[in-house]
Amino acid sequence: MKKLNFIAIVLLLVIGAAAQDSTAGKNLSKEEKKEAKRRKVADMMRQAEEGVLVYSKQSVLGIQLRTTGYGIFYELGKMKTNKKTNIFRIDIAETKSHKEEKLLGNNFFGNSFIYGKKNYFYPVTLGFGQQVMLGQKGNKNGVAVSMLYNGGISIGLLRPYYVAVNDPATGENRTIKYTDQDSALFLGPTITGGGGLGKGWSEMKVTPGVFAKYALRFDYGRFNESVNGLEIGASVEFYAKKIPIMLLQKTDKQFFLQCYLAVIFGKRK
C-alpha cells in the first residue's frame with residue numbers, strides 16, 4: 001500500500017509540473033511562434049542564396065511521352081526535410097499497342113482508322129511516395145537532381161473503338177464497335193474510316209490494378225519558387241485481367257512496363 005501511495009504522489013507531481021509547463025508554453029506561444037517564423041524565413045533565404053531548394057509545399061504538372069503512348073500528371077509534394085518530400089501523384093495516360101497501324105478508309109472523305117483495334121486503354125494511377133534530393137543546385141544557375149519513387153492503385157479504363165462502315169446488306173453507312181454480330185463488318189473491307197473521338201465515352205469499363213514508378217528529376221529552374229525541368233523514369237502496372245486492345249493479335253496482357261520522358265513545371269511555397 002505504501003508503494004502505491006508513493007507512486008500516486010509521484011504521478012500527481014509529474015502531472016502538475018507538466019500542466020505548469022503547458023500553461024507557460026501557452027502564455028509564450030505567440031512570441032515563440034513569431035520568433036520561430038522569423039528564424040525559418042531567415043534560414044530559407046540563406047539556403048536559397050546557397051542554391052538549396054527549400055519550401056513547404058510544391059505543385060508540379062508534367063507532360064510525358066511514354067514508350068507505350070503519352071500522358072499527363074499532377075503531383076502535390078510536402079517537404080519533410082531538406083532531402084525528403086512526401087508526394088501524392090495522379091497520372092492519366094493512353095497506352096497503345098505496338099501493333100497499331102493507321103490506314104485510310106475506302107471512302108475518299110473518310111478519316112484514317114486503326115485496323116483491328118478493339119479498345120482505347122487509359123490507365124489512371126493514384127500513388128504515394130517520396131522525392132529524395134541527390135544533389136542541390138549549388139547556385140541559382142545550377143541543376144538540382146532528385147530521385148522519385150511512388151506506388152499505389154491503377155484504374156484501367158477501356159473505351160470501345162468505333163469504325164465507320166458501309167453495310168453491303170442494307171447499303172447504309174453505319175458506325176460500329178466490335179461485336180460478335182458485326183465482326184465481319186468491323187474487320188471487313190467496307191470500312192470507310194474511323195468512328196470519331198466522341199464515341200464510346202459512356203461505355204467505358206474499369207479494370208483495377210496496381211503500379212510502381214521510379215524516376216530521376218532534373219530541376220534547372222532559376223528561382224526556388226518555380227519548378228522547371230525534366231523527368232526520366234519507368235513504371236510497371238499489373239491488372240486483375242488481360243487488357244484487350246487489339247483483335248487478331250496475341251498482344252493482350254496484364255503486365256505493362258514502360259519508360260517515359262516528361263517536361264515538368266510548377267511552383268513552390
# chains A, B, ... in the order shown; residues from 1 in each chain; ligands from 1
>>> residues_around(residues="Lys78 of chain A", least_positions_apart="5", cutoff="8 Å", atoms="only C-alpha atoms", output="short mmCIF file (atom, residue, chain, number, x, y, z; two decimals) with C-alpha atoms, in the first residue's frame")
data_model
loop_
_atom_site.label_atom_id
_atom_site.label_comp_id
_atom_site.auth_asym_id
_atom_site.auth_seq_id
_atom_site.Cartn_x
_atom_site.Cartn_y
_atom_site.Cartn_z
CA SER A 56 6.94 23.75 -47.51
CA LYS A 57 4.77 22.63 -50.45
CA GLN A 58 5.16 22.21 -54.20
CA THR A 85 9.49 15.32 -49.71
CA ASN A 86 6.33 13.25 -49.47
CA ILE A 87 4.45 13.25 -52.77
#
>>> atom_distance(atom1="atom CA of Gln64 of chain A", atom2="atom CA of Ile232 of chain A")
9.3 Å
>>> residues_around(residues="segment 150-166 of chain A", least_positions_apart="5", cutoff="8 Å", atoms="only C-alpha atoms", output="number ranges by chain")
A: 87, 113, 117-130, 171-178, 185-186, 190-196, 199-201, 203-214, 237, 239
>>> residues_around(residues="Gly221 of chain A", least_positions_apart="4", cutoff="9 Å", atoms="only C-alpha atoms", output="number ranges by chain")
A: 140-144, 225-229, 265
>>> write_last_selection(atoms="N, CA and C atoms", output="mmCIF file, in the first residue's frame")
data_model
loop_
_atom_site.group_PDB
_atom_site.id
_atom_site.type_symbol
_atom_site.label_atom_id
_atom_site.label_comp_id
_atom_site.auth_asym_id
_atom_site.auth_seq_id
_atom_site.Cartn_x
_atom_site.Cartn_y
_atom_site.Cartn_z
ATOM 1 N N LYS A 140 22.183 29.596 -58.157
ATOM 2 C CA LYS A 140 20.893 29.831 -58.816
ATOM 3 C C LYS A 140 20.842 29.275 -60.229
ATOM 4 N N ASN A 141 21.972 29.149 -60.871
ATOM 5 C CA ASN A 141 22.001 28.650 -62.247
ATOM 6 C C ASN A 141 22.322 27.159 -62.326
ATOM 7 N N GLY A 142 22.357 26.489 -61.185
ATOM 8 C CA GLY A 142 22.688 25.070 -61.177
ATOM 9 C C GLY A 142 21.477 24.193 -61.460
ATOM 10 N N VAL A 143 21.682 22.884 -61.373
ATOM 11 C CA VAL A 143 20.634 21.895 -61.614
ATOM 12 C C VAL A 143 20.516 21.002 -60.383
ATOM 13 N N ALA A 144 19.315 20.924 -59.822
ATOM 14 C CA ALA A 144 19.061 20.033 -58.691
ATOM 15 C C ALA A 144 18.633 18.663 -59.222
ATOM 16 N N GLU A 225 11.103 29.436 -56.179
ATOM 17 C CA GLU A 225 9.636 29.457 -56.155
ATOM 18 C C GLU A 225 9.020 28.732 -57.346
ATOM 19 N N SER A 226 9.802 28.429 -58.360
ATOM 20 C CA SER A 226 9.263 27.782 -59.558
ATOM 21 C C SER A 226 9.939 26.439 -59.809
ATOM 22 N N VAL A 227 9.197 25.555 -60.452
ATOM 23 C CA VAL A 227 9.711 24.245 -60.857
ATOM 24 C C VAL A 227 9.791 24.211 -62.375
ATOM 25 N N ASN A 228 10.959 23.931 -62.905
ATOM 26 C CA ASN A 228 11.152 23.760 -64.344
ATOM 27 C C ASN A 228 12.204 22.685 -64.546
ATOM 28 N N GLY A 229 11.881 21.675 -65.333
ATOM 29 C CA GLY A 229 12.869 20.628 -65.513
ATOM 30 C C GLY A 229 12.394 19.470 -66.361
ATOM 31 N N PHE A 265 6.708 21.474 -64.867
ATOM 32 C CA PHE A 265 6.694 22.870 -64.434
ATOM 33 C C PHE A 265 5.708 22.995 -63.291
#
>>> select_by_dssp(residues="segment 28-238 of chain A", states="strand (DSSP E)", output="ChimeraX atom specification")
/A:57-66,69-79,84-95,102-104,112-114,119-135,144-160,162-166,173-177,191-194,205-219,226-238
>>> write_last_selection(atoms="C-alpha atoms", output="mmCIF file, in the first residue's frame")
data_model
loop_
_atom_site.group_PDB
_atom_site.id
_atom_site.type_symbol
_atom_site.label_atom_id
_atom_site.label_comp_id
_atom_site.auth_asym_id
_atom_site.auth_seq_id
_atom_site.Cartn_x
_atom_site.Cartn_y
_atom_site.Cartn_z
ATOM 1 C CA LYS A 57 4.771 22.632 -50.446
ATOM 2 C CA GLN A 58 5.156 22.209 -54.198
ATOM 3 C CA SER A 59 2.725 21.632 -57.055
ATOM 4 C CA VAL A 60 4.037 20.036 -60.253
ATOM 5 C CA LEU A 61 2.379 19.431 -63.616
ATOM 6 C CA GLY A 62 4.043 17.150 -66.159
ATOM 7 C CA ILE A 63 3.521 16.274 -69.820
ATOM 8 C CA GLN A 64 5.037 12.906 -70.628
ATOM 9 C CA LEU A 65 5.951 10.919 -73.700
ATOM 10 C CA ARG A 66 5.898 7.186 -72.955
ATOM 11 C CA GLY A 69 1.829 6.269 -75.526
ATOM 12 C CA TYR A 70 1.575 9.634 -73.823
ATOM 13 C CA GLY A 71 0.091 11.218 -70.712
ATOM 14 C CA ILE A 72 -0.030 13.977 -68.132
ATOM 15 C CA PHE A 73 0.358 14.014 -64.355
ATOM 16 C CA TYR A 74 -0.176 16.240 -61.336
ATOM 17 C CA GLU A 75 1.906 15.985 -58.188
ATOM 18 C CA LEU A 76 1.478 17.579 -54.767
ATOM 19 C CA GLY A 77 4.519 17.496 -52.500
ATOM 20 C CA LYS A 78 5.061 18.354 -48.826
ATOM 21 C CA MET A 79 8.664 18.802 -47.704
ATOM 22 C CA LYS A 84 12.932 14.291 -48.468
ATOM 23 C CA THR A 85 9.495 15.322 -49.715
ATOM 24 C CA ASN A 86 6.327 13.247 -49.469
ATOM 25 C CA ILE A 87 4.447 13.245 -52.772
ATOM 26 C CA PHE A 88 0.888 12.449 -53.849
ATOM 27 C CA ARG A 89 0.541 11.950 -57.591
ATOM 28 C CA ILE A 90 -2.083 11.199 -60.243
ATOM 29 C CA ASP A 91 -1.168 10.143 -63.792
ATOM 30 C CA ILE A 92 -3.590 9.948 -66.733
ATOM 31 C CA ALA A 93 -2.289 8.346 -69.922
ATOM 32 C CA GLU A 94 -3.230 6.478 -73.070
ATOM 33 C CA THR A 95 -1.497 3.158 -73.649
ATOM 34 C CA LYS A 102 -3.206 3.669 -89.201
ATOM 35 C CA LEU A 103 -4.911 3.020 -92.560
ATOM 36 C CA LEU A 104 -7.064 5.076 -94.911
ATOM 37 C CA SER A 112 -7.925 7.261 -91.003
ATOM 38 C CA PHE A 113 -8.541 4.303 -88.702
ATOM 39 C CA ILE A 114 -6.601 1.576 -86.888
ATOM 40 C CA ASN A 119 -10.459 -0.667 -77.285
ATOM 41 C CA TYR A 120 -8.738 2.516 -76.264
ATOM 42 C CA PHE A 121 -6.880 1.962 -72.978
ATOM 43 C CA TYR A 122 -6.480 4.769 -70.418
ATOM 44 C CA PRO A 123 -4.567 3.890 -67.228
ATOM 45 C CA VAL A 124 -5.198 6.276 -64.314
ATOM 46 C CA THR A 125 -2.759 5.825 -61.438
ATOM 47 C CA LEU A 126 -3.105 7.235 -57.914
ATOM 48 C CA GLY A 127 0.040 6.936 -55.839
ATOM 49 C CA PHE A 128 2.022 7.992 -52.786
ATOM 50 C CA GLY A 129 5.790 8.130 -52.495
ATOM 51 C CA GLN A 130 8.822 10.310 -51.878
ATOM 52 C CA GLN A 131 11.181 12.649 -53.668
ATOM 53 C CA VAL A 132 14.738 12.303 -52.359
ATOM 54 C CA MET A 133 17.289 15.027 -53.121
ATOM 55 C CA LEU A 134 20.532 13.650 -54.524
ATOM 56 C CA GLY A 135 22.257 16.914 -55.368
ATOM 57 C CA ALA A 144 19.061 20.033 -58.691
ATOM 58 C CA VAL A 145 18.922 16.251 -59.101
ATOM 59 C CA SER A 146 16.433 14.121 -57.200
ATOM 60 C CA MET A 147 15.130 10.562 -57.165
ATOM 61 C CA LEU A 148 11.399 9.814 -57.039
ATOM 62 C CA TYR A 149 9.522 6.637 -56.257
ATOM 63 C CA ASN A 150 5.829 6.020 -55.713
ATOM 64 C CA GLY A 151 3.239 3.293 -55.955
ATOM 65 C CA GLY A 152 -0.453 2.676 -55.462
ATOM 66 C CA ILE A 153 -3.596 1.730 -57.347
ATOM 67 C CA SER A 154 -4.130 1.792 -61.091
ATOM 68 C CA ILE A 155 -7.551 2.149 -62.681
ATOM 69 C CA GLY A 156 -7.604 0.808 -66.230
ATOM 70 C CA LEU A 157 -10.328 2.454 -68.341
ATOM 71 C CA LEU A 158 -11.369 0.668 -71.558
ATOM 72 C CA ARG A 159 -13.311 2.619 -74.191
ATOM 73 C CA PRO A 160 -14.633 0.726 -77.243
ATOM 74 C CA TYR A 162 -15.561 2.579 -83.384
ATOM 75 C CA VAL A 163 -15.200 2.499 -87.164
ATOM 76 C CA ALA A 164 -17.452 3.814 -89.941
ATOM 77 C CA VAL A 165 -18.565 1.143 -92.409
ATOM 78 C CA ASN A 166 -20.786 0.792 -95.438
ATOM 79 C CA ASN A 173 -23.400 3.904 -93.623
ATOM 80 C CA ARG A 174 -23.025 2.850 -90.000
ATOM 81 C CA THR A 175 -20.664 3.500 -87.103
ATOM 82 C CA ILE A 176 -19.991 0.314 -85.155
ATOM 83 C CA LYS A 177 -17.812 -1.165 -82.446
ATOM 84 C CA ILE A 191 -14.520 0.305 -93.569
ATOM 85 C CA THR A 192 -14.744 3.924 -94.681
ATOM 86 C CA GLY A 193 -12.850 5.489 -91.754
ATOM 87 C CA GLY A 194 -12.625 5.939 -88.031
ATOM 88 C CA LYS A 205 -15.312 -0.356 -68.410
ATOM 89 C CA VAL A 206 -12.960 -0.429 -65.420
ATOM 90 C CA THR A 207 -10.209 -2.944 -64.711
ATOM 91 C CA PRO A 208 -8.419 -2.455 -61.354
ATOM 92 C CA GLY A 209 -4.692 -2.906 -60.855
ATOM 93 C CA VAL A 210 -1.573 -1.750 -59.014
ATOM 94 C CA PHE A 211 1.544 0.120 -60.120
ATOM 95 C CA ALA A 212 5.047 1.201 -59.095
ATOM 96 C CA LYS A 213 7.140 4.042 -60.532
ATOM 97 C CA TYR A 214 10.774 5.182 -60.298
ATOM 98 C CA ALA A 215 12.297 8.326 -61.825
ATOM 99 C CA LEU A 216 15.108 10.872 -61.811
ATOM 100 C CA ARG A 217 14.238 14.565 -61.898
ATOM 101 C CA PHE A 218 16.488 17.373 -63.131
ATOM 102 C CA ASP A 219 15.271 20.793 -61.966
ATOM 103 C CA SER A 226 9.263 27.782 -59.558
ATOM 104 C CA VAL A 227 9.711 24.245 -60.857
ATOM 105 C CA ASN A 228 11.152 23.760 -64.344
ATOM 106 C CA GLY A 229 12.869 20.628 -65.513
ATOM 107 C CA LEU A 230 12.878 17.157 -66.990
ATOM 108 C CA GLU A 231 11.914 13.801 -65.503
ATOM 109 C CA ILE A 232 13.110 10.437 -66.807
ATOM 110 C CA GLY A 233 11.549 7.307 -65.394
ATOM 111 C CA ALA A 234 9.972 3.895 -65.729
ATOM 112 C CA SER A 235 6.797 2.334 -64.376
ATOM 113 C CA VAL A 236 5.144 -1.061 -64.140
ATOM 114 C CA GLU A 237 1.424 -1.805 -63.971
ATOM 115 C CA PHE A 238 -0.370 -5.059 -63.215
#
>>> atom_distance(atom1="atom CA of Thr251 of chain A", atom2="atom CA of Leu197 of chain A")
23.4 Å
>>> select_by_dssp(residues="segment 44-190 of chain A", states="alpha helix (DSSP H)", output="PyMOL selection string")
chain A and resi 44-49+183-186
>>> write_last_selection(atoms="N, CA and C atoms", output="mmCIF file, in the first residue's frame")
data_model
loop_
_atom_site.group_PDB
_atom_site.id
_atom_site.type_symbol
_atom_site.label_atom_id
_atom_site.label_comp_id
_atom_site.auth_asym_id
_atom_site.auth_seq_id
_atom_site.Cartn_x
_atom_site.Cartn_y
_atom_site.Cartn_z
ATOM 1 N N MET A 44 15.573 30.032 -44.642
ATOM 2 C CA MET A 44 15.203 29.723 -46.019
ATOM 3 C C MET A 44 15.869 30.677 -47.008
ATOM 4 N N MET A 45 15.961 31.972 -46.637
ATOM 5 C CA MET A 45 16.618 32.942 -47.507
ATOM 6 C C MET A 45 18.100 32.626 -47.647
ATOM 7 N N ARG A 46 18.724 32.244 -46.530
ATOM 8 C CA ARG A 46 20.149 31.903 -46.578
ATOM 9 C C ARG A 46 20.394 30.681 -47.454
ATOM 10 N N GLN A 47 19.547 29.653 -47.302
ATOM 11 C CA GLN A 47 19.717 28.433 -48.091
ATOM 12 C C GLN A 47 19.426 28.669 -49.563
ATOM 13 N N ALA A 48 18.453 29.546 -49.861
ATOM 14 C CA ALA A 48 18.154 29.867 -51.254
ATOM 15 C C ALA A 48 19.353 30.518 -51.929
ATOM 16 N N GLU A 49 20.031 31.420 -51.184
ATOM 17 C CA GLU A 49 21.220 32.065 -51.735
ATOM 18 C C GLU A 49 22.336 31.053 -51.979
ATOM 19 N N SER A 183 -18.813 -8.532 -86.395
ATOM 20 C CA SER A 183 -17.377 -8.804 -86.550
ATOM 21 C C SER A 183 -16.946 -8.790 -88.023
ATOM 22 N N ALA A 184 -17.808 -9.300 -88.922
ATOM 23 C CA ALA A 184 -17.447 -9.331 -90.341
ATOM 24 C C ALA A 184 -17.324 -7.919 -90.912
ATOM 25 N N LEU A 185 -18.211 -7.017 -90.492
ATOM 26 C CA LEU A 185 -18.133 -5.627 -90.948
ATOM 27 C C LEU A 185 -16.959 -4.897 -90.305
ATOM 28 N N PHE A 186 -16.734 -5.152 -89.010
ATOM 29 C CA PHE A 186 -15.680 -4.467 -88.269
ATOM 30 C C PHE A 186 -14.294 -4.806 -88.814
#
>>> closest_residue(among="A:Met246, A:Tyr220, A:Ser202, A:Glu101", to="Val263 of chain A", atoms="only C-alpha atoms")
A:Tyr220
>>> atom_distance(atom1="atom CA of Tyr115 of chain A", atom2="atom CA of Leu187 of chain A")
7.3 Å
